[in-house]
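So this block is run_13.txt, compact mmCIF, C-alpha atoms and all ligand atoms:
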```txt
# COMPACT_ATOMS: atom_id res chain seq x y z
CA MET A 1 -0.76 26.43 7.61
CA ASP A 2 -0.88 24.61 10.93
CA PHE A 3 1.32 21.55 11.48
CA ARG A 4 -0.41 20.67 14.75
CA LEU A 5 -3.11 18.05 14.94
CA SER A 6 -6.61 19.12 16.02
CA PRO A 7 -7.75 17.78 19.43
CA GLU A 8 -9.96 15.25 17.58
CA GLN A 9 -7.05 14.06 15.44
CA ALA A 10 -4.79 13.76 18.50
CA LEU A 11 -7.48 11.68 20.21
CA LEU A 12 -7.83 9.47 17.13
CA LYS A 13 -4.07 8.92 17.11
CA SER A 14 -3.93 8.01 20.79
CA THR A 15 -6.93 5.67 20.39
CA ALA A 16 -5.13 3.88 17.54
CA ARG A 17 -1.92 3.73 19.61
CA LYS A 18 -3.77 2.24 22.59
CA LEU A 19 -5.52 -0.32 20.39
CA ALA A 20 -2.20 -1.33 18.82
CA GLN A 21 -0.48 -1.67 22.20
CA GLU A 22 -3.30 -3.63 23.80
CA GLN A 23 -4.39 -5.85 20.91
CA PHE A 24 -1.60 -6.16 18.36
CA ARG A 25 1.75 -5.87 20.15
CA ALA A 26 1.92 -9.34 21.68
CA ALA A 27 1.63 -11.16 18.33
CA ALA A 28 3.17 -8.41 16.19
CA PHE A 29 5.83 -10.59 14.56
CA LYS A 30 3.99 -13.89 14.57
CA TRP A 31 2.08 -13.64 11.29
CA LYS A 32 4.84 -15.17 9.17
CA GLY A 33 3.37 -14.15 5.84
CA GLU A 34 -0.24 -14.75 6.80
CA TYR A 35 -2.77 -11.97 6.38
CA PRO A 36 -3.78 -10.88 9.93
CA GLN A 37 -7.44 -11.83 9.62
CA ALA A 38 -8.14 -11.81 13.38
CA ASN A 39 -6.68 -8.31 13.70
CA GLU A 40 -8.65 -7.10 10.71
CA LYS A 41 -11.80 -8.05 12.64
CA VAL A 42 -10.63 -5.90 15.57
CA LEU A 43 -9.98 -3.00 13.17
CA ARG A 44 -13.46 -3.39 11.69
CA GLU A 45 -15.09 -3.46 15.13
CA GLN A 46 -13.21 -0.28 16.00
CA GLY A 47 -14.50 1.36 12.80
CA PHE A 48 -10.96 1.71 11.41
CA PHE A 49 -11.58 -0.35 8.27
CA GLY A 50 -12.53 2.03 5.48
CA VAL A 51 -12.32 4.92 7.89
CA SER A 52 -12.03 7.53 5.13
CA LEU A 53 -14.72 6.03 2.89
CA PRO A 54 -18.01 7.97 2.66
CA GLN A 55 -20.42 7.28 5.49
CA GLN A 56 -23.34 6.49 3.16
CA TYR A 57 -21.39 3.40 2.04
CA GLY A 58 -20.51 2.24 5.53
CA GLY A 59 -17.22 4.15 5.85
CA GLY A 60 -16.11 6.41 8.66
CA GLY A 61 -16.24 9.65 6.68
CA LEU A 62 -12.87 10.82 8.00
CA THR A 63 -10.17 12.48 5.91
CA LEU A 64 -7.29 10.68 4.21
CA LEU A 65 -4.88 12.38 6.65
CA GLU A 66 -6.82 10.93 9.58
CA GLU A 67 -6.66 7.50 7.99
CA LEU A 68 -2.87 7.89 7.71
CA LEU A 69 -2.61 8.85 11.39
CA ILE A 70 -4.32 5.58 12.33
CA LEU A 71 -2.24 3.52 9.89
CA GLU A 72 0.99 4.99 11.23
CA GLU A 73 0.17 4.15 14.86
CA ILE A 74 -0.96 0.60 14.06
CA GLY A 75 2.01 -0.07 11.77
CA ARG A 76 4.51 1.29 14.27
CA VAL A 77 3.51 -1.62 16.51
CA CYS A 78 2.46 -4.26 13.95
CA PRO A 79 3.27 -3.57 10.28
CA ASP A 80 1.34 -6.67 9.16
CA THR A 81 -1.84 -5.34 10.75
CA ALA A 82 -1.25 -1.96 9.14
CA PHE A 83 -1.04 -3.75 5.81
CA ALA A 84 -4.70 -4.71 6.33
CA LEU A 85 -5.49 -0.97 6.50
CA THR A 86 -3.77 -0.36 3.15
CA MET A 87 -6.46 -2.63 1.68
CA ALA A 88 -8.64 0.50 1.76
CA GLY A 89 -6.82 1.65 -1.40
CA PRO A 90 -8.98 -0.09 -4.03
CA PRO A 91 -12.29 0.76 -2.28
CA ARG A 92 -11.18 4.41 -2.27
CA ILE A 93 -10.70 4.21 -6.02
CA ILE A 94 -14.19 2.76 -6.37
CA ALA A 95 -15.56 5.56 -4.17
CA GLU A 96 -13.89 8.11 -6.42
CA ILE A 97 -14.78 6.82 -9.88
CA GLY A 98 -17.25 3.93 -9.49
CA SER A 99 -20.93 3.89 -10.48
CA GLU A 100 -23.56 4.06 -7.74
CA ASP A 101 -24.23 0.32 -8.23
CA ILE A 102 -20.59 -0.63 -7.84
CA LYS A 103 -20.21 1.56 -4.75
CA ARG A 104 -23.28 -0.02 -3.13
CA ASN A 105 -22.12 -3.52 -4.01
CA TYR A 106 -18.54 -3.32 -2.78
CA LEU A 107 -17.98 -0.55 -0.24
CA PRO A 108 -20.32 -1.57 2.62
CA ALA A 109 -19.16 -5.19 2.17
CA PHE A 110 -15.57 -4.03 2.57
CA CYS A 111 -16.16 -1.90 5.69
CA ARG A 112 -18.60 -4.25 7.40
CA ASP A 113 -17.46 -7.74 6.41
CA GLY A 114 -13.89 -7.21 5.26
CA GLN A 115 -14.63 -8.21 1.66
CA LYS A 116 -11.31 -7.14 0.20
CA ILE A 117 -10.66 -6.01 -3.35
CA GLY A 118 -7.28 -6.89 -4.83
CA ILE A 119 -5.52 -4.81 -7.43
CA ALA A 120 -4.80 -6.69 -10.64
CA ILE A 121 -2.67 -4.58 -12.97
CA SER A 122 0.71 -6.24 -13.55
CA GLU A 123 1.20 -8.69 -16.39
CA ALA A 124 4.17 -10.82 -17.39
CA GLU A 125 5.05 -8.46 -20.25
CA ALA A 126 3.61 -5.28 -18.74
CA GLY A 127 5.05 -4.38 -15.33
CA SER A 128 6.11 -0.75 -15.21
CA ALA A 129 4.81 -0.36 -18.75
CA VAL A 130 1.16 -0.61 -17.72
CA THR A 131 0.11 0.90 -21.04
CA GLU A 132 1.30 -2.29 -22.73
CA LEU A 133 -1.10 -4.55 -20.85
CA ARG A 134 -2.89 -7.14 -22.96
CA THR A 135 -5.72 -8.61 -20.91
CA LYS A 136 -8.61 -8.13 -23.32
CA ALA A 137 -12.12 -7.01 -22.48
CA LYS A 138 -14.66 -7.54 -25.24
CA ILE A 139 -18.21 -6.24 -24.90
CA GLU A 140 -20.83 -8.77 -26.02
CA GLY A 141 -24.37 -7.55 -25.31
CA ASP A 142 -24.66 -7.02 -21.57
CA LYS A 143 -21.50 -9.02 -20.87
CA VAL A 144 -17.78 -8.26 -20.90
CA ILE A 145 -15.60 -11.22 -21.86
CA LEU A 146 -12.11 -11.23 -20.36
CA ASP A 147 -9.10 -13.08 -21.73
CA GLY A 148 -5.53 -12.79 -20.51
CA GLY A 149 -3.61 -12.97 -17.26
CA LYS A 150 -2.18 -11.02 -14.33
CA ILE A 151 0.85 -11.62 -12.17
CA PHE A 152 2.08 -10.72 -8.63
CA ILE A 153 -1.41 -10.15 -7.22
CA SER A 154 -0.95 -9.79 -3.46
CA HIS A 155 -2.99 -12.08 -1.21
CA ALA A 156 -5.38 -12.87 -4.09
CA ASP A 157 -6.65 -15.92 -2.21
CA ILE A 158 -8.33 -13.78 0.45
CA CYS A 159 -9.81 -11.17 -1.91
CA ALA A 160 -13.52 -11.13 -2.69
CA ALA A 161 -12.96 -9.32 -5.99
CA PHE A 162 -10.27 -7.73 -8.15
CA LEU A 163 -10.04 -4.23 -9.53
CA THR A 164 -8.63 -5.35 -12.85
CA PHE A 165 -6.99 -3.23 -15.52
CA VAL A 166 -8.04 -4.40 -19.00
CA ARG A 167 -7.82 -3.37 -22.62
CA PHE A 168 -11.13 -2.48 -24.29
CA ASP A 169 -11.32 -1.84 -28.05
CA GLU A 170 -10.98 1.91 -27.35
CA GLY A 171 -8.15 1.65 -24.80
CA ILE A 172 -7.31 0.80 -21.20
CA GLY A 173 -10.05 0.73 -18.59
CA ALA A 174 -10.92 -1.27 -15.49
CA VAL A 175 -13.51 -3.79 -14.37
CA ILE A 176 -14.35 -5.48 -11.09
CA VAL A 177 -14.15 -9.27 -11.25
CA ASP A 178 -15.61 -11.28 -8.37
CA GLN A 179 -13.62 -14.16 -6.95
CA GLY A 180 -15.12 -17.43 -8.17
CA THR A 181 -16.42 -16.05 -11.47
CA PRO A 182 -16.29 -18.91 -14.02
CA GLY A 183 -13.31 -18.38 -16.31
CA LEU A 184 -11.17 -16.79 -13.57
CA GLN A 185 -8.51 -19.03 -12.06
CA LEU A 186 -5.76 -18.47 -9.52
CA GLY A 187 -2.38 -20.10 -10.11
CA LYS A 188 -0.02 -21.42 -7.44
CA PRO A 189 1.28 -18.63 -5.20
CA ASP A 190 4.78 -17.16 -5.41
CA ILE A 191 6.20 -16.29 -2.01
CA ASN A 192 8.01 -12.97 -1.72
CA MET A 193 11.06 -12.13 0.43
CA ALA A 194 8.85 -11.19 3.36
CA GLY A 195 6.89 -14.45 3.10
CA HIS A 196 3.70 -13.03 1.58
CA ARG A 197 1.77 -14.72 -1.22
CA HIS A 198 1.36 -13.38 -4.76
CA TYR A 199 -0.87 -15.04 -7.32
CA THR A 200 -1.13 -15.28 -11.05
CA LEU A 201 -4.69 -14.77 -12.31
CA PHE A 202 -5.89 -16.40 -15.52
CA PHE A 203 -8.90 -15.07 -17.41
CA ASP A 204 -10.20 -17.55 -19.95
CA GLY A 205 -13.45 -16.38 -21.54
CA CYS A 206 -14.39 -14.97 -18.14
CA ALA A 207 -17.81 -13.32 -18.54
CA ILE A 208 -18.89 -10.50 -16.22
CA SER A 209 -21.83 -8.12 -16.39
CA THR A 210 -21.25 -4.74 -18.09
CA GLU A 211 -22.41 -3.28 -14.76
CA LYS A 212 -19.01 -4.33 -13.39
CA VAL A 213 -17.16 -1.93 -15.69
CA LEU A 214 -15.49 0.55 -13.36
CA VAL A 215 -14.27 2.89 -16.06
CA ARG A 216 -13.77 2.86 -19.82
CA GLY A 217 -13.56 5.37 -22.65
CA LYS A 218 -11.14 8.04 -23.77
CA ASP A 219 -10.10 9.40 -20.35
CA ALA A 220 -10.36 6.11 -18.44
CA PHE A 221 -6.62 5.53 -17.97
CA LYS A 222 -6.06 9.11 -16.83
CA LYS A 223 -8.92 8.81 -14.33
CA LEU A 224 -7.48 5.55 -12.98
CA ILE A 225 -3.98 6.91 -12.54
CA GLN A 226 -5.37 9.97 -10.79
CA ALA A 227 -7.54 7.84 -8.52
CA PHE A 228 -4.41 5.94 -7.47
CA ASN A 229 -2.91 9.06 -5.86
CA ALA A 230 -4.64 8.38 -2.54
CA GLU A 231 -3.48 4.76 -2.68
CA ARG A 232 0.09 6.01 -3.00
CA CYS A 233 -0.38 8.02 0.21
CA LEU A 234 -1.49 4.88 2.08
CA SER A 235 1.52 3.09 0.68
CA ALA A 236 3.87 5.91 1.74
CA THR A 237 2.54 5.92 5.29
CA TRP A 238 2.75 2.16 5.53
CA ALA A 239 6.47 2.50 4.71
CA VAL A 240 6.78 5.26 7.33
CA SER A 241 5.16 2.98 9.90
CA ILE A 242 7.56 0.11 9.10
CA ALA A 243 10.47 2.54 9.55
CA LEU A 244 9.06 3.81 12.86
CA CYS A 245 8.68 0.23 14.08
CA ALA A 246 12.34 -0.49 13.24
CA PHE A 247 13.46 2.82 14.74
CA ASP A 248 11.68 2.23 18.06
CA LEU A 249 13.28 -1.21 18.39
CA ALA A 250 16.75 0.09 17.49
CA LEU A 251 16.47 3.07 19.85
CA GLU A 252 15.56 0.81 22.75
CA TYR A 253 18.43 -1.53 21.92
CA ALA A 254 20.89 1.39 21.72
CA ARG A 255 19.86 2.31 25.27
CA GLN A 256 20.33 -1.22 26.61
CA ARG A 257 23.18 -2.89 24.75
CA ARG A 258 26.59 -2.37 26.36
CA GLN A 259 29.99 -2.72 24.70
CA PHE A 260 33.36 -1.34 25.86
CA GLY A 261 31.70 -0.73 29.23
CA ARG A 262 29.15 1.77 27.87
CA GLN A 263 25.75 1.67 26.23
CA ILE A 264 26.17 1.66 22.46
CA GLY A 265 23.91 4.73 22.31
CA ASP A 266 26.88 6.64 23.79
CA PHE A 267 29.00 6.09 20.66
CA GLN A 268 28.86 8.91 18.16
CA GLY A 269 28.56 6.50 15.21
CA ILE A 270 25.31 5.11 16.67
CA ARG A 271 24.04 8.51 17.82
CA TRP A 272 24.38 9.99 14.34
CA MET A 273 22.77 6.94 12.83
CA LEU A 274 19.76 7.38 15.11
CA ALA A 275 19.57 11.11 14.34
CA GLU A 276 19.72 10.49 10.59
CA MET A 277 17.11 7.75 10.77
CA ALA A 278 14.78 10.12 12.63
CA MET A 279 15.45 12.94 10.12
CA LYS A 280 14.58 10.70 7.19
CA ILE A 281 11.46 9.28 8.82
CA GLU A 282 10.20 12.73 9.71
CA ALA A 283 10.76 14.10 6.19
CA ALA A 284 8.90 11.18 4.57
CA ARG A 285 6.15 11.43 7.18
CA LEU A 286 5.55 15.11 6.49
CA LEU A 287 5.53 14.53 2.74
CA SER A 288 2.87 11.87 3.15
CA TYR A 289 0.75 14.19 5.33
CA GLN A 290 1.14 16.94 2.75
CA ALA A 291 0.13 14.58 -0.07
CA ALA A 292 -2.89 13.42 1.95
CA ALA A 293 -4.12 16.99 2.27
CA GLU A 294 -3.97 17.37 -1.51
CA PRO A 295 -3.20 14.07 -3.29
CA THR A 296 -1.88 15.38 -6.59
CA ARG A 297 0.22 13.18 -8.87
CA LEU A 298 3.41 15.07 -7.99
CA LYS A 299 2.88 15.12 -4.24
CA SER A 300 1.69 11.54 -3.86
CA SER A 301 4.51 10.17 -6.06
CA MET A 302 7.04 12.24 -4.11
CA ALA A 303 5.69 10.94 -0.80
CA LYS A 304 5.68 7.34 -1.99
CA ALA A 305 9.15 7.42 -3.55
CA THR A 306 10.69 9.21 -0.54
CA ALA A 307 9.09 6.82 1.94
CA SER A 308 10.07 3.74 -0.11
CA GLU A 309 13.74 4.74 -0.29
CA MET A 310 13.74 5.92 3.32
CA VAL A 311 12.35 2.69 4.77
CA GLU A 312 15.03 0.57 3.12
CA LYS A 313 17.80 2.74 4.58
CA VAL A 314 16.20 3.08 8.03
CA THR A 315 15.53 -0.65 8.45
CA SER A 316 19.07 -1.38 7.24
CA ASP A 317 20.54 1.03 9.82
CA ALA A 318 18.27 -0.43 12.51
CA LEU A 319 19.63 -3.88 11.64
CA GLN A 320 23.18 -2.48 11.89
CA ILE A 321 22.46 -1.21 15.39
CA PHE A 322 21.40 -4.73 16.41
CA GLY A 323 24.66 -6.15 15.04
CA GLY A 324 24.66 -9.91 14.41
CA TYR A 325 21.42 -10.42 16.33
CA GLY A 326 19.52 -8.28 13.80
CA TYR A 327 20.77 -10.42 10.93
CA MET A 328 19.37 -13.63 12.39
CA ARG A 329 16.17 -15.23 11.09
CA GLU A 330 13.21 -14.76 13.45
CA HIS A 331 14.54 -11.42 14.68
CA PRO A 332 11.89 -8.69 14.15
CA ILE A 333 14.44 -6.39 12.47
CA GLU A 334 15.39 -9.07 9.97
CA TYR A 335 11.69 -9.35 9.00
CA LEU A 336 11.24 -5.57 8.80
CA TYR A 337 14.27 -5.28 6.52
CA ARG A 338 12.84 -7.87 4.13
CA LEU A 339 9.40 -6.24 4.29
CA ALA A 340 10.90 -2.82 3.60
CA ARG A 341 12.72 -3.97 0.47
CA GLY A 342 9.49 -4.56 -1.40
CA ARG A 343 8.45 -0.92 -1.02
CA ARG A 344 10.75 0.31 -3.78
CA ILE A 345 9.00 -2.05 -6.21
CA ALA A 346 5.35 -2.54 -5.24
CA GLY A 347 2.65 -0.15 -6.45
CA GLY A 348 4.92 1.30 -9.15
CA THR A 349 8.69 1.32 -8.70
CA VAL A 350 10.56 4.31 -7.34
CA GLU A 351 11.96 4.87 -10.83
CA ILE A 352 8.44 5.10 -12.26
CA GLN A 353 7.38 7.46 -9.45
CA LYS A 354 10.34 9.65 -10.37
CA ASN A 355 9.34 9.56 -14.04
CA MET A 356 5.88 10.78 -13.04
CA MET A 357 7.36 13.52 -10.87
CA ALA A 358 9.65 14.65 -13.67
CA GLU A 359 6.73 14.84 -16.11
CA GLU A 360 4.80 17.06 -13.70
CA LEU A 361 7.87 19.19 -12.92
CA LEU A 362 8.70 19.75 -16.59
CA ARG A 363 5.10 20.69 -17.29
CA ARG A 364 4.48 23.00 -14.33
CA GLY A 365 7.65 23.44 -12.28
CA LEU A 366 7.84 22.97 -8.53
CA HIS A 367 5.25 24.61 -6.26
CA ARG A 368 3.36 25.80 -9.32
CA GLU A 369 0.47 23.38 -9.02
CA GLU A 370 -1.13 25.25 -6.10
C1 LIG A 401 5.47 -6.69 -2.65
C2 LIG A 401 4.84 -6.53 -4.00
C3 LIG A 401 3.46 -6.49 -4.11
C4 LIG A 401 2.86 -6.38 -5.37
N1 LIG A 401 1.51 -6.43 -5.46
C5 LIG A 401 0.91 -6.30 -6.66
C6 LIG A 401 -0.53 -6.38 -6.77
O1 LIG A 401 -1.24 -6.61 -5.78
N2 LIG A 401 -1.08 -6.19 -7.98
C7 LIG A 401 -0.36 -5.94 -9.10
O2 LIG A 401 -0.93 -5.74 -10.16
N3 LIG A 401 1.02 -5.92 -9.04
C8 LIG A 401 1.65 -6.08 -7.85
N4 LIG A 401 3.02 -6.07 -7.76
C9 LIG A 401 3.81 -5.92 -8.99
C10 LIG A 401 4.45 -4.55 -9.11
O3 LIG A 401 3.48 -3.57 -9.35
C11 LIG A 401 5.50 -4.64 -10.23
O4 LIG A 401 6.50 -5.54 -9.78
C12 LIG A 401 6.11 -3.28 -10.55
O5 LIG A 401 5.14 -2.44 -11.15
C13 LIG A 401 7.32 -3.42 -11.49
O6 LIG A 401 7.05 -4.23 -12.58
P1 LIG A 401 8.08 -5.42 -12.94
O7 LIG A 401 8.30 -6.19 -11.72
O8 LIG A 401 7.56 -6.12 -14.14
O9 LIG A 401 9.44 -4.70 -13.29
P2 LIG A 401 9.84 -4.00 -14.68
O10 LIG A 401 8.76 -3.08 -15.13
O11 LIG A 401 10.28 -5.05 -15.62
O12 LIG A 401 11.07 -3.12 -14.23
C14 LIG A 401 12.37 -3.66 -14.00
C15 LIG A 401 13.28 -2.51 -13.57
O13 LIG A 401 13.36 -1.52 -14.62
C16 LIG A 401 12.97 -0.26 -14.12
N5 LIG A 401 12.25 0.48 -15.17
C17 LIG A 401 11.24 0.04 -15.95
N6 LIG A 401 10.83 1.02 -16.76
C18 LIG A 401 11.58 2.11 -16.48
C19 LIG A 401 11.63 3.44 -16.97
N7 LIG A 401 10.79 3.87 -17.91
N8 LIG A 401 12.54 4.29 -16.44
C20 LIG A 401 13.38 3.89 -15.46
N9 LIG A 401 13.38 2.62 -14.96
C21 LIG A 401 12.49 1.76 -15.45
C22 LIG A 401 12.05 -0.56 -12.93
O14 LIG A 401 11.98 0.54 -12.05
C23 LIG A 401 12.75 -1.77 -12.34
O15 LIG A 401 13.82 -1.34 -11.54
C24 LIG A 401 3.66 -6.22 -6.53
C25 LIG A 401 5.05 -6.26 -6.40
C26 LIG A 401 5.64 -6.41 -5.17
C27 LIG A 401 7.12 -6.45 -5.06
```
Encoded form using C-alpha cells:
Amino acid sequence: MDFRLSPEQALLKSTARKLAQEQFRAAAFKWKGEYPQANEKVLREQGFFGVSLPQQYGGGGLTLLEELLILEEIGRVCPDTAFALTMAGPPRIIAEIGSEDIKRNYLPAFCRDGQKIGIAISEAEAGSAVTELRTKAKIEGDKVILDGGKIFISHADICAAFLTFVRFDEGIGAVIVDQGTPGLQLGKPDINMAGHRHYTLFFDGCAISTEKVLVRGKDAFKKLIQAFNAERCLSATWAVSIALCAFDLALEYARQRRQFGRQIGDFQGIRWMLAEMAMKIEAARLLSYQAAAEPTRLKSSMAKATASEMVEKVTSDALQIFGGYGYMREHPIEYLYRLARGRRIAGGTVEIQKNMMAEELLRRGLHREE
C-alpha cells in the first residue's frame, strides 16, 4: 500500500488547482444558486468532464481516484463548480450497467456537450424507502408507458435526461427519460437552503422506447444500488472539498484577525478547533480515496456518511472562527454552512448509509470483504 500520489496524479492535481485558481476563484461565491454553466464549459475544454468515463465514449479513461483528486481541488476553490463535476455520477452508472446503445447515446453527449442526466428516484411517499416507489412502467409492445411522479430532482431544468427509478411488473428497475418527452412535465421549483432548485417531475402516460430501459428484471435493484457506490464517492469528495474551502478561509482569518492584542490563531480554543477540523477532513478524505480504489457498498457508504457529518461540523466551526461576520448573509462561510447541511440528506441520508453499513458488517464483519 502506497499513500503517495504517482507523479502523473500529482501533476493532475496541480493542473486542477491552477485551473481553479486562475478561472474559478474570482467568481467562486457569485453563483447564488445558479448552475455554473460557464465554468462547466471550461471543465469540458480541459477534459475534466467525465474524466473517468471510458475513452471509447468520449471520457478521459482515468480512475475514479483521479477524478476525486480533480474534484477536490476545484471544490476547494469553488464548491459550485465542483458540483458540476459530481454530475458525472449518473453517466458512470450508465457506463457500468447500460446497453451499448444507451452508452453511445448519452455518454459522448455528456462529455462533449455537457448533456447532463439527472437522478430521479425520490417520491413523495418514498424517500429513504426507495423500495416503496410507485412510478409505474408498463411495457406495451416496443414502448414503456410511465405514470407517477418524482420529487426533489436537483437542477432538473438543465438536465437533458433523467435516470429514473420505476416499478415494472416484476419489480424495481430504471429507465432513461429524455427532457421534453411528451407526458413528462416539470413542476415549479422548490428552492433549498443553499438556493439551488429542485423540481417535481410528473409522468402522465409518458411513452419511451424499450431501448431506453437501463435495467430491469430480478437483480435490477441490486445492480442499481451497487452502481451507485461510485456516485457516493463523488458525493463524499464533494463534501470534503466544501470542508477544505471553509477550512482554508478560516485558517487565513485566524492568522489575520486580532483580538486582545493578538491574532486569534494564538488562542488555544481556536488552535484546537483548527487542528480538529483538519483531523476530521483528513480522515474523511482518506476514506473517500480508499472507497474510490474499491467502491464496495460498505466503503462507499462509510466515506459518504463520514464526509457528510464532517462537513457540517467543519463548516460550523469555520463559521465560529469568523464570529459574527461568518453569520452574515453574503459571507462565503454562511453559504458554505448552508450548502454543507444538505449533505447529510442528499443521495441517501446518513442514517440510511449507516443502515447499509450495518447490514454489510453483520453479514461479513469489518475488513472481511477483502
Ligand atoms: C440537496 C438535496 C438534493 C437532492 N437531490 C435529489 C435528486 O437529484 N434526485 C432525487 O431523486 N432525490 C434527491 N434528493 C432527495 C433525497 O434523496 C431525499 O431527501 C432523501 O433520500 C431522504 O428522503 P426524505 O426526504 O423523503 O426523508 P425520509 O425518508 O422521510 O426520512 C426522514 C428522516 O427519517 C430518517 N429515516 C428514514 N428511514 C430510516 C430508517 N430506516 N432508519 C433510520 N432513519 C430513517 C431519515 O434518515 C431522515 O432523517 C435531494 C435532497 C437534497 C436535500
Interatomic distance, atom CA of A:Val42 to atom CA of A:Arg329 (Å, one decimal):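 Pair atom CA of A:Val42 / atom CA of A:Arg329 returns 28.7 Å.
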Spatial neighbours of stretch 297-310 of chain A, 7 Å, all atoms listed in the file, chain gap at least 5 places, as a ChimeraX atom specification: /A:226,229,232-233,235-236,239-240,280-281,284,287-288,291,343-344,350,353,357,360
Please check which protein, DNA or RNA residues sit within 9 Å of ligand LIG 401 (chain A), counting only C-alpha atoms and all ligand atoms, and write them as a count of residues only. 45
Nearest to A:Leu11 among A:Ile70, A:Asn39, A:Ile97, A:Lys223, with distances taken over all atoms listed in the file: which residue is it? A:Ile70
Using all atoms listed in the file, the best pick from A:Phe267, A:Lys138, A:Tyr253, A:Leu69 as closest to A:Cys206 would be A:Lys138
Taking all listed atoms of stretch 310-320 of chain A, build the axis-aligned box, pad each of the six sides by 4 Å, then write its centre and edge lengths in Å to one decimal as lines of an AutoDock Vina configuration file.
```
center_x = 17.8
center_y = 1.0
center_z = 7.8
size_x = 18.8
size_y = 17.8
size_z = 17.4
```
Counting all atoms listed in the file, which residues of stretch 323-351 of chain A fall within 12 Å of stretch 71-88 of chain A, and what is the closest atom pair for each with its distance in Å at one decimal, ordered by chain and rising number, as a Markdown table?
```
| residue | atom | partner | partner_atom | distance |
| --- | --- | --- | --- | --- |
| A:Pro332 | CA | A:Cys78 | CA | 10.4 |
| A:Ile333 | CA | A:Pro79 | CA | 11.7 |
| A:Tyr335 | CA | A:Pro79 | CA | 10.3 |
| A:Leu336 | CA | A:Pro79 | CA | 8.3 |
| A:Tyr337 | CA | A:Pro79 | CA | 11.7 |
| A:Leu339 | CA | A:Pro79 | CA | 9.0 |
| A:Ala340 | CA | A:Pro79 | CA | 10.2 |
| A:Gly347 | CA | A:Thr86 | CA | 11.6 |
```
Give as a PDB file with C-alpha atoms, keeping the file's coordinate frame the set of residues within 8 Å of the point (17.9, 6.0, 9.4), where distances use the file's coordinates and all atoms listed in the file.
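selection_33.pdb was written with the following content:
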```pdb
ATOM      1  CA  PHE A 247      13.460   2.820  14.740  1.00  0.00           C
ATOM      2  CA  MET A 273      22.770   6.940  12.830  1.00  0.00           C
ATOM      3  CA  LEU A 274      19.760   7.380  15.110  1.00  0.00           C
ATOM      4  CA  ALA A 275      19.570  11.110  14.340  1.00  0.00           C
ATOM      5  CA  GLU A 276      19.720  10.490  10.590  1.00  0.00           C
ATOM      6  CA  MET A 277      17.110   7.750  10.770  1.00  0.00           C
ATOM      7  CA  ALA A 278      14.780  10.120  12.630  1.00  0.00           C
ATOM      8  CA  MET A 279      15.450  12.940  10.120  1.00  0.00           C
ATOM      9  CA  LYS A 280      14.580  10.700   7.190  1.00  0.00           C
ATOM     10  CA  ILE A 281      11.460   9.280   8.820  1.00  0.00           C
ATOM     11  CA  MET A 310      13.740   5.920   3.320  1.00  0.00           C
ATOM     12  CA  VAL A 311      12.350   2.690   4.770  1.00  0.00           C
ATOM     13  CA  LYS A 313      17.800   2.740   4.580  1.00  0.00           C
ATOM     14  CA  VAL A 314      16.200   3.080   8.030  1.00  0.00           C
ATOM     15  CA  THR A 315      15.530  -0.650   8.450  1.00  0.00           C
ATOM     16  CA  SER A 316      19.070  -1.380   7.240  1.00  0.00           C
ATOM     17  CA  ASP A 317      20.540   1.030   9.820  1.00  0.00           C
ATOM     18  CA  ALA A 318      18.270  -0.430  12.510  1.00  0.00           C
TER      19      ALA A 318
END
```
Near-stretch 166-176 of chain A list (8 Å; all atoms listed in the file; drop same-chain fewer than 4 positions) as a PyMOL selection string: chain A and resi 131+133-138+161-162+212-218+220-221+224
Hey, can you spit out that residue selection with C-alpha atoms as an mmCIF file, keeping the file's coordinate frame?
```cif
data_model
loop_
_atom_site.group_PDB
_atom_site.id
_atom_site.type_symbol
_atom_site.label_atom_id
_atom_site.label_comp_id
_atom_site.auth_asym_id
_atom_site.auth_seq_id
_atom_site.Cartn_x
_atom_site.Cartn_y
_atom_site.Cartn_z
ATOM 1 C CA THR A 131 0.110 0.900 -21.040
ATOM 2 C CA LEU A 133 -1.100 -4.550 -20.850
ATOM 3 C CA ARG A 134 -2.890 -7.140 -22.960
ATOM 4 C CA THR A 135 -5.720 -8.610 -20.910
ATOM 5 C CA LYS A 136 -8.610 -8.130 -23.320
ATOM 6 C CA ALA A 137 -12.120 -7.010 -22.480
ATOM 7 C CA LYS A 138 -14.660 -7.540 -25.240
ATOM 8 C CA ALA A 161 -12.960 -9.320 -5.990
ATOM 9 C CA PHE A 162 -10.270 -7.730 -8.150
ATOM 10 C CA LYS A 212 -19.010 -4.330 -13.390
ATOM 11 C CA VAL A 213 -17.160 -1.930 -15.690
ATOM 12 C CA LEU A 214 -15.490 0.550 -13.360
ATOM 13 C CA VAL A 215 -14.270 2.890 -16.060
ATOM 14 C CA ARG A 216 -13.770 2.860 -19.820
ATOM 15 C CA GLY A 217 -13.560 5.370 -22.650
ATOM 16 C CA LYS A 218 -11.140 8.040 -23.770
ATOM 17 C CA ALA A 220 -10.360 6.110 -18.440
ATOM 18 C CA PHE A 221 -6.620 5.530 -17.970
ATOM 19 C CA LEU A 224 -7.480 5.550 -12.980
#
```
What is the atom CA of A:Phe3-atom CA of A:Leu62 distance in Å, reported with one decimal?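 Rounded to one decimal, the two atoms are 18.1 Å apart.
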Distance of atom CA of A:Asp157 from atom CA of A:Pro189, expressed in Å to one decimal place: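 Separation of atom CA of A:Pro189 and atom CA of A:Asp157: 8.9 Å.
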What's around A:Gly180 at 9 Å? Count all atoms listed in the file, leave out sequence neighbours fewer than 3 positions away in its own chain, and write the answer as a PyMOL selection string. chain A and resi 160-161+177+183-185
Spatial neighbours of A:Ala230, 8 Å, all atoms listed in the file, chain gap at least 2 places, as JSON, numbers by chain: {"A": [64, 89, 92, 227, 228, 232, 233, 234, 292, 295, 300]}
Within 9 Å of A:Pro91, counting all atoms listed in the file, which residues qualify if same-chain residues fewer than 4 places away don't, as a ChimeraX atom specification? /A:50,53,87,95-96,103,106-107,110,116-117
File of the preceding selection, C-alpha atoms, as a compact mmCIF listing (two decimals), keeping the file's coordinate frame:
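So result-v9.txt came out as:
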```txt
# COMPACT_ATOMS: atom_id res chain seq x y z
CA GLY A 50 -12.53 2.03 5.48
CA LEU A 53 -14.72 6.03 2.89
CA MET A 87 -6.46 -2.63 1.68
CA ALA A 95 -15.56 5.56 -4.17
CA GLU A 96 -13.89 8.11 -6.42
CA LYS A 103 -20.21 1.56 -4.75
CA TYR A 106 -18.54 -3.32 -2.78
CA LEU A 107 -17.98 -0.55 -0.24
CA PHE A 110 -15.57 -4.03 2.57
CA LYS A 116 -11.31 -7.14 0.20
CA ILE A 117 -10.66 -6.01 -3.35
```
